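**Q** Got a structure here, written out as structure tokens. Questions coming.
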Number of protein chains: 2
Amino acid sequence: MNTLYHYPLSPFSRKVRLCLGEKKIEVALVEERYWENDPDFLRRNPAGKVPVLKMDGRTMADSVAICEYLEETNPTPALLPKGAGARCEVRRLVGWFDDKFYQEVTTKLTGERVYRKIMGTGYPDSTNVKAGAKAIKYHLDYMARLLDERRWLAGNEMTMADFAAAAQLSCLDYTSDVDWNRHEVLKDWYAKIKSRPAFRSILADEVPGFQPAAHYADLDF
Amino acid sequence: MNTLYHYPLSPFSRKVRLCLGEKKIEVALVEERYWENDPDFLRRNPAGKVPVLKMDGRTMADSVAICEYLEETNPTPALLPKGAGARCEVRRLVGWFDDKFYQEVTTKLTGERVYRKIMGTGYPDSTNVKAGAKAIKYHLDYMARLLDERRWLAGNEMTMADFAAAAQLSCLDYTSDVDWNRHEVLKDWYAKIKSRPAFRSILADEVPGFQPAAHYADLDF
């Protein structure tokens with residue numbers, strides 16, 4: 001059986017879960033409190049981060065590396081388009097959400113509000129929370145600009161870029177940190193992603209001590 | 001003519017320059033002070049970061065996306081191996097250096113010592129410098145462990161992973177922040193990379209106000 005070591009509110013784990021789900025690859029989910037630096041887990045991934053995927057006799061780490069592996073070994077349905085230029089655009093946006101969005105928004109909101117408590121690293125830093133709340137507006141506006149011209153974020157097909165974005169946003173939505181009324185086109189996009197079977201397990205996630213927002217699992221939010 | 005918008009001590013720009021050089025793709029280098037948020041540059045890359053590559057009539061951003069594009073469109077010499085598992089290992093290590101090493105080491109040493117002055121964001125934070133100087137030891141040890149078992153970082157062929165690592169280390173070496181005597185196997189690896197023609201332009205880089213270390217461009221360091 002394939003195993004994914006993950007944490008429910010880890011956007012990178014969620015991105016991989018969405019790719020696995022879309023490609024109908026079954027995995028057993030093992031929750032990993034990766035910040036506790038368990039020696040067994042560090043053997044699986046010396047970087048000490050989730051997700052880690054055990055599949056095909058391999059132990060694989062890094063969400064980008066895992067998603068590319070899944071695409072190469074299970075090409076249907078495709079989550080990368082055919083042409084090199086279009087693939088470059090998908091990967092640019094994956095980088096955008098994995099790196100820029102994550103650093104500017106997710107660590108500052110989900111990181112401060114949820115992870116600090118779980119990891120026991122103190123109270124939320126209000127400067128960070130404010131910065132995250134400000135930055136998310138810019139990011140939502142940028143996404144809406146893309147979606148004004150394209151059906152999905154990177155083009156007219158759903159790709160890994162949509163999953164990279166939805167993975168981050170779904171973590172923020174858990175704590176009601178996304179203003180879905182800001183752009184209708186963005187809300188429509190998220191509703192489409194949210195209704196995919198691959199999304200179901202993410203909507204069922206619960207982190208002890210943090211109730212998800214009332215609309216979190218609602219497909220008609 | 002292809003154009004690469006870069007900054008000399010940007011490790012991500014250096015990674016792309018190494019891939020371009022190895023594949024013998026000529027580019028005009030345009031130095032971009034990306035933190036000044038020039039509107040023309042932001043049109044090229046809304047993320048406001050280097051590198052940005054203009055090539056084949058496209059404007060491409062994000063170093064991972066660019067390197068994958070170069071590999072797909074100019075497959076010789078290969079910088080990714082053939083098998084999906086081996087490719088996954090290369091990409092895991094690219095992620096390691098682009099993300100973990102960069103955050104834990106490069107931003108804390110090159111970031112504090114050089115970028116703060118260039119960007120005008122104050123004096124180096126000594127806590128960060130100390131943390132970076134401590135973290136680099138762990139990373140060098142990890143690299144040496146890999147190189148004890150493999151000719152190159154990700155396996156027995158030189159790949160993007162070696163360039164991702166050398167790009168970070170070469171920035172740190174500019175300010176003498178790498179202890180090459182810590183592991184002979186690592187010094188040998190860097191000497192091999194450093195002597196490649198693709199590395200030449202990197203060894204010629206100069207940042208005004210910061211003299212490179214005496215051994216920086218020396219192939220026999």
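Residue numbers start at 1 in each chain; chains themselves are named A, B, ... in the order of the structure tokens; ligands are numbered from 1 in the order shown.
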Within 7 Å of chain A, which residues of chain B are there when counting only C-alpha atoms? Please give them as a ChimeraX atom specification.
**A** /B:61-62,65-66,69,72-73,84,88,91-92,95
**Q** Check the smallest atom-to-atom distance from each of B:Ser176, B:His183, B:Arg151, B:Arg33 to Ala214 (chain B) using only C-alpha atoms, then report the winner.
**A**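 Result for the nearest residue to Ala214 (chain B): B:Ser176.
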**Q** Looking at only C-alpha atoms, which of B:Glu149, B:Glu26, B:Asp173, B:Glu206 is the one that sits closest to Asp218 (chain B)?
**A**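 Ranking B:Glu149, B:Glu26, B:Asp173, B:Glu206 by distance to Asp218 (chain B), first place goes to B:Asp173.
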**Q** Name the residues of chain A that come out as strand (DSSP E) in a backbone DSSP run; write them as a list in words.
**A**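 In chain A, DSSP puts these residues in strand (DSSP E): Asn2, Thr3, Leu4, Tyr5, His6, Val27, Ala28, Leu29, Val30, Glu31, Val52, Leu53, Lys54, Met55, Arg58, Thr59, Met60 and Ala61 of chain A.
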**Q** With N, CA, C and O atoms retained, export the selected residues as an mmCIF file, in the first residue's frame.
**A**
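Result file is selection.cif:
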data_model
loop_
_atom_site.group_PDB
_atom_site.id
_atom_site.type_symbol
_atom_site.label_atom_id
_atom_site.label_comp_id
_atom_site.auth_asym_id
_atom_site.auth_seq_id
_atom_site.Cartn_x
_atom_site.Cartn_y
_atom_site.Cartn_z
ATOM 1 N N ASN A 2 0.489 2.249 -0.779
ATOM 2 C CA ASN A 2 1.210 3.522 -0.759
ATOM 3 C C ASN A 2 0.906 4.268 0.539
ATOM 4 O O ASN A 2 -0.207 4.196 1.053
ATOM 5 N N THR A 3 1.879 4.983 1.033
ATOM 6 C CA THR A 3 1.680 5.747 2.271
ATOM 7 C C THR A 3 2.126 7.187 2.054
ATOM 8 O O THR A 3 3.208 7.434 1.521
ATOM 9 N N LEU A 4 1.273 8.105 2.490
ATOM 10 C CA LEU A 4 1.671 9.512 2.473
ATOM 11 C C LEU A 4 1.769 10.018 3.912
ATOM 12 O O LEU A 4 0.785 10.027 4.649
ATOM 13 N N TYR A 5 2.959 10.422 4.306
ATOM 14 C CA TYR A 5 3.154 11.073 5.590
ATOM 15 C C TYR A 5 2.831 12.544 5.373
ATOM 16 O O TYR A 5 3.425 13.187 4.498
ATOM 17 N N HIS A 6 1.871 13.032 6.132
ATOM 18 C CA HIS A 6 1.379 14.387 5.866
ATOM 19 C C HIS A 6 0.990 15.067 7.165
ATOM 20 O O HIS A 6 1.058 14.474 8.235
ATOM 21 N N VAL A 27 -3.778 6.025 -1.315
ATOM 22 C CA VAL A 27 -2.705 6.064 -0.312
ATOM 23 C C VAL A 27 -3.304 5.976 1.081
ATOM 24 O O VAL A 27 -4.422 6.434 1.315
ATOM 25 N N ALA A 28 -2.531 5.390 1.975
ATOM 26 C CA ALA A 28 -2.872 5.487 3.393
ATOM 27 C C ALA A 28 -2.241 6.769 3.896
ATOM 28 O O ALA A 28 -1.070 7.034 3.630
ATOM 29 N N LEU A 29 -3.051 7.585 4.600
ATOM 30 C CA LEU A 29 -2.524 8.841 5.137
ATOM 31 C C LEU A 29 -2.009 8.608 6.558
ATOM 32 O O LEU A 29 -2.720 8.054 7.388
ATOM 33 N N VAL A 30 -0.792 8.998 6.803
ATOM 34 C CA VAL A 30 -0.227 8.912 8.152
ATOM 35 C C VAL A 30 0.103 10.328 8.602
ATOM 36 O O VAL A 30 0.898 11.017 7.960
ATOM 37 N N GLU A 31 -0.535 10.737 9.689
ATOM 38 C CA GLU A 31 -0.294 12.098 10.177
ATOM 39 C C GLU A 31 1.073 12.166 10.853
ATOM 40 O O GLU A 31 1.396 11.329 11.693
ATOM 41 N N VAL A 52 5.907 13.228 2.661
ATOM 42 C CA VAL A 52 6.811 12.172 2.205
ATOM 43 C C VAL A 52 5.918 11.054 1.671
ATOM 44 O O VAL A 52 4.949 10.663 2.327
ATOM 45 N N LEU A 53 6.233 10.586 0.484
ATOM 46 C CA LEU A 53 5.409 9.539 -0.143
ATOM 47 C C LEU A 53 6.195 8.251 -0.281
ATOM 48 O O LEU A 53 7.297 8.248 -0.843
ATOM 49 N N LYS A 54 5.627 7.151 0.260
ATOM 50 C CA LYS A 54 6.205 5.822 0.010
ATOM 51 C C LYS A 54 5.373 5.168 -1.080
ATOM 52 O O LYS A 54 4.165 4.951 -0.899
ATOM 53 N N MET A 55 6.002 4.869 -2.193
ATOM 54 C CA MET A 55 5.260 4.343 -3.353
ATOM 55 C C MET A 55 6.268 3.695 -4.293
ATOM 56 O O MET A 55 7.412 4.174 -4.384
ATOM 57 N N ARG A 58 9.819 3.228 -3.256
ATOM 58 C CA ARG A 58 10.678 4.385 -2.995
ATOM 59 C C ARG A 58 10.107 5.225 -1.861
ATOM 60 O O ARG A 58 8.908 5.207 -1.625
ATOM 61 N N THR A 59 10.970 5.984 -1.231
ATOM 62 C CA THR A 59 10.531 6.986 -0.254
ATOM 63 C C THR A 59 10.905 8.343 -0.828
ATOM 64 O O THR A 59 12.086 8.623 -1.034
ATOM 65 N N MET A 60 9.890 9.135 -1.128
ATOM 66 C CA MET A 60 10.134 10.390 -1.853
ATOM 67 C C MET A 60 9.722 11.602 -1.028
ATOM 68 O O MET A 60 8.700 11.574 -0.353
ATOM 69 N N ALA A 61 10.518 12.651 -1.119
ATOM 70 C CA ALA A 61 10.235 13.883 -0.373
ATOM 71 C C ALA A 61 10.250 15.070 -1.327
ATOM 72 O O ALA A 61 10.735 14.963 -2.450
#
**Q** Within 9 Å of Lys137 (chain A), counting only C-alpha atoms, which residues qualify if same-chain residues fewer than 6 places away don't, as number ranges by chain?
**A** A: 178-179, 182
**Q** Step one, run DSSP on the backbone; step two, keep only residues of region 59-148 of chain B assigned to helix (DSSP H, G or I); then write them as a ChimeraX atom specification.
**A** /B:63-73,84-119,126-148
**Q** Which value, in Å to one decimal, gives the distance between CA of Lys23 (chain A) and CA of Pro81 (chain A)?
**A** 14.9 Å
**Q** Neighbours of region 104-117 of chain A within 6 Å (only C-alpha atoms; same-chain residues fewer than 5 positions away dropped), as a PDB file with N, CA, C and O atoms, in the first residue's frame?
**A**
ATOM      1  N   GLY A 122       4.509  29.756  21.148  1.00  0.00           N
ATOM      2  CA  GLY A 122       4.049  31.048  21.659  1.00  0.00           C
ATOM      3  C   GLY A 122       2.783  31.576  21.008  1.00  0.00           C
ATOM      4  O   GLY A 122       2.113  30.866  20.249  1.00  0.00           O
ATOM      5  N   PRO A 124       0.388  34.163  18.650  1.00  0.00           N
ATOM      6  CA  PRO A 124       0.507  34.749  17.311  1.00  0.00           C
ATOM      7  C   PRO A 124       1.152  36.131  17.376  1.00  0.00           C
ATOM      8  O   PRO A 124       0.869  36.900  18.286  1.00  0.00           O
ATOM      9  N   ASN A 128       2.842  40.007  12.078  1.00  0.00           N
ATOM     10  CA  ASN A 128       2.796  39.036  10.983  1.00  0.00           C
ATOM     11  C   ASN A 128       1.365  38.829  10.487  1.00  0.00           C
ATOM     12  O   ASN A 128       1.126  38.774   9.279  1.00  0.00           O
ATOM     13  N   VAL A 129       0.430  38.688  11.426  1.00  0.00           N
ATOM     14  CA  VAL A 129      -0.966  38.458  11.030  1.00  0.00           C
ATOM     15  C   VAL A 129      -1.462  39.618  10.171  1.00  0.00           C
ATOM     16  O   VAL A 129      -2.081  39.402   9.119  1.00  0.00           O
ATOM     17  N   GLY A 132       0.107  39.414   6.727  1.00  0.00           N
ATOM     18  CA  GLY A 132      -0.510  38.331   5.941  1.00  0.00           C
ATOM     19  C   GLY A 132      -1.885  38.735   5.425  1.00  0.00           C
ATOM     20  O   GLY A 132      -2.232  38.472   4.270  1.00  0.00           O
ATOM     21  N   ILE A 136      -2.634  38.924   1.392  1.00  0.00           N
ATOM     22  CA  ILE A 136      -3.549  37.998   0.699  1.00  0.00           C
ATOM     23  C   ILE A 136      -4.409  38.759  -0.311  1.00  0.00           C
ATOM     24  O   ILE A 136      -4.750  38.223  -1.373  1.00  0.00           O
TER      25      ILE A 136
END
**Q** Just to confirm, what's the straight-line distance from CA of Lys49 (chain A) to CA of Leu140 (chain B) in Å (one decimal)?
**A**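 If I compute the distance from CA of Lys49 (chain A) to CA of Leu140 (chain B), I get 19.1 Å.
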**Q** At a cut-off of 12 Å, using only C-alpha atoms, what residues contact Pro77 (chain B)? Leave out same-chain residues fewer than 5 positions from it and give the result as a compact mmCIF listing (two decimals) with all heavy atoms, in the first residue's frame.
**A**
# COMPACT_ATOMS: atom_id res chain seq x y z
N CYS B 19 22.86 26.22 -15.97
CA CYS B 19 22.13 25.34 -16.91
C CYS B 19 22.28 25.85 -18.34
O CYS B 19 22.52 25.07 -19.26
CB CYS B 19 20.64 25.26 -16.54
SG CYS B 19 20.34 24.31 -15.04
N LEU B 20 22.14 27.16 -18.53
CA LEU B 20 22.29 27.75 -19.87
C LEU B 20 23.70 27.49 -20.40
O LEU B 20 23.88 27.07 -21.55
CB LEU B 20 22.05 29.26 -19.81
CG LEU B 20 20.60 29.74 -19.65
CD1 LEU B 20 20.56 31.20 -19.21
CD2 LEU B 20 19.82 29.55 -20.95
N GLY B 21 24.70 27.72 -19.55
CA GLY B 21 26.08 27.54 -19.97
C GLY B 21 26.39 26.09 -20.34
O GLY B 21 27.02 25.82 -21.36
N GLU B 22 25.92 25.19 -19.51
CA GLU B 22 26.18 23.76 -19.75
C GLU B 22 25.54 23.31 -21.07
O GLU B 22 26.09 22.49 -21.79
CB GLU B 22 25.63 22.95 -18.58
CG GLU B 22 26.18 21.55 -18.46
CD GLU B 22 27.67 21.48 -18.13
OE1 GLU B 22 28.21 22.44 -17.54
OE2 GLU B 22 28.30 20.46 -18.49
N LYS B 23 24.38 23.88 -21.38
CA LYS B 23 23.69 23.52 -22.61
C LYS B 23 24.14 24.40 -23.78
O LYS B 23 23.55 24.33 -24.87
CB LYS B 23 22.17 23.63 -22.39
CG LYS B 23 21.63 22.52 -21.47
CD LYS B 23 20.16 22.69 -21.18
CE LYS B 23 19.66 21.58 -20.26
NZ LYS B 23 19.65 20.23 -20.87
N LYS B 24 25.14 25.23 -23.53
CA LYS B 24 25.70 26.11 -24.57
C LYS B 24 24.64 26.99 -25.24
O LYS B 24 24.62 27.17 -26.46
CB LYS B 24 26.47 25.30 -25.62
CG LYS B 24 27.63 24.52 -25.02
CD LYS B 24 28.62 24.10 -26.09
CE LYS B 24 29.88 23.49 -25.50
NZ LYS B 24 29.65 22.40 -24.51
N ILE B 25 23.74 27.52 -24.43
CA ILE B 25 22.74 28.47 -24.93
C ILE B 25 23.23 29.87 -24.60
O ILE B 25 23.43 30.19 -23.43
CB ILE B 25 21.36 28.23 -24.27
CG1 ILE B 25 20.89 26.80 -24.54
CG2 ILE B 25 20.32 29.24 -24.78
CD1 ILE B 25 19.70 26.38 -23.68
N LEU B 70 14.35 24.55 -20.08
CA LEU B 70 15.61 24.37 -20.81
C LEU B 70 15.87 22.89 -21.04
O LEU B 70 16.33 22.48 -22.12
CB LEU B 70 16.77 25.01 -20.04
CG LEU B 70 16.70 26.54 -19.92
CD1 LEU B 70 17.81 27.05 -19.00
CD2 LEU B 70 16.78 27.21 -21.29
N GLU B 71 15.57 22.08 -20.04
CA GLU B 71 15.79 20.63 -20.17
C GLU B 71 14.86 20.02 -21.22
O GLU B 71 15.27 19.15 -21.99
CB GLU B 71 15.55 19.97 -18.80
CG GLU B 71 15.89 18.50 -18.72
CD GLU B 71 17.38 18.21 -18.81
OE1 GLU B 71 18.19 19.16 -18.73
OE2 GLU B 71 17.73 17.03 -18.99
N GLU B 72 13.62 20.51 -21.27
CA GLU B 72 12.66 19.96 -22.24
C GLU B 72 12.96 20.41 -23.67
O GLU B 72 12.76 19.64 -24.61
CB GLU B 72 11.23 20.37 -21.85
CG GLU B 72 10.76 19.68 -20.57
CD GLU B 72 9.35 20.08 -20.14
OE1 GLU B 72 8.71 20.92 -20.81
OE2 GLU B 72 8.89 19.54 -19.13
N GLU B 157 25.70 10.89 -12.13
CA GLU B 157 25.83 11.89 -13.20
C GLU B 157 25.63 13.29 -12.63
O GLU B 157 24.90 13.46 -11.66
CB GLU B 157 24.75 11.66 -14.28
CG GLU B 157 24.74 10.28 -14.90
CD GLU B 157 26.02 9.96 -15.68
OE1 GLU B 157 26.62 10.92 -16.22
OE2 GLU B 157 26.41 8.78 -15.73
N MET B 158 26.26 14.25 -13.26
CA MET B 158 26.05 15.65 -12.86
C MET B 158 24.64 16.07 -13.31
O MET B 158 24.23 15.79 -14.43
CB MET B 158 27.09 16.54 -13.54
CG MET B 158 27.06 17.98 -13.06
SD MET B 158 28.27 18.99 -13.94
CE MET B 158 27.52 19.01 -15.58
N THR B 159 23.90 16.73 -12.41
CA THR B 159 22.52 17.12 -12.71
C THR B 159 22.26 18.54 -12.22
O THR B 159 23.12 19.18 -11.61
CB THR B 159 21.51 16.20 -11.99
OG1 THR B 159 21.64 16.41 -10.57
CG2 THR B 159 21.73 14.73 -12.33
N MET B 160 21.04 18.97 -12.45
CA MET B 160 20.56 20.26 -11.91
C MET B 160 20.78 20.39 -10.41
O MET B 160 20.90 21.51 -9.91
CB MET B 160 19.04 20.36 -12.11
CG MET B 160 18.59 20.78 -13.44
SD MET B 160 16.77 20.75 -13.40
CE MET B 160 16.46 20.57 -15.15
**Q** So, with only C-alpha atoms as the atoms that count, which of A:Phe12, A:Trp35, A:Trp152, A:Phe210 lies closest to Tyr190 (chain A)?
**A**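 Once distances to Tyr190 (chain A) are computed over only C-alpha atoms, the minimum belongs to A:Trp152.
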**Q** Measuring between only C-alpha atoms, which one of A:Asn37, A:Trp189, A:Gly155, A:Leu203 shows the shortest distance to Lys82 (chain A)?
**A**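 For Lys82 (chain A), the nearest of the given residues is A:Gly155.
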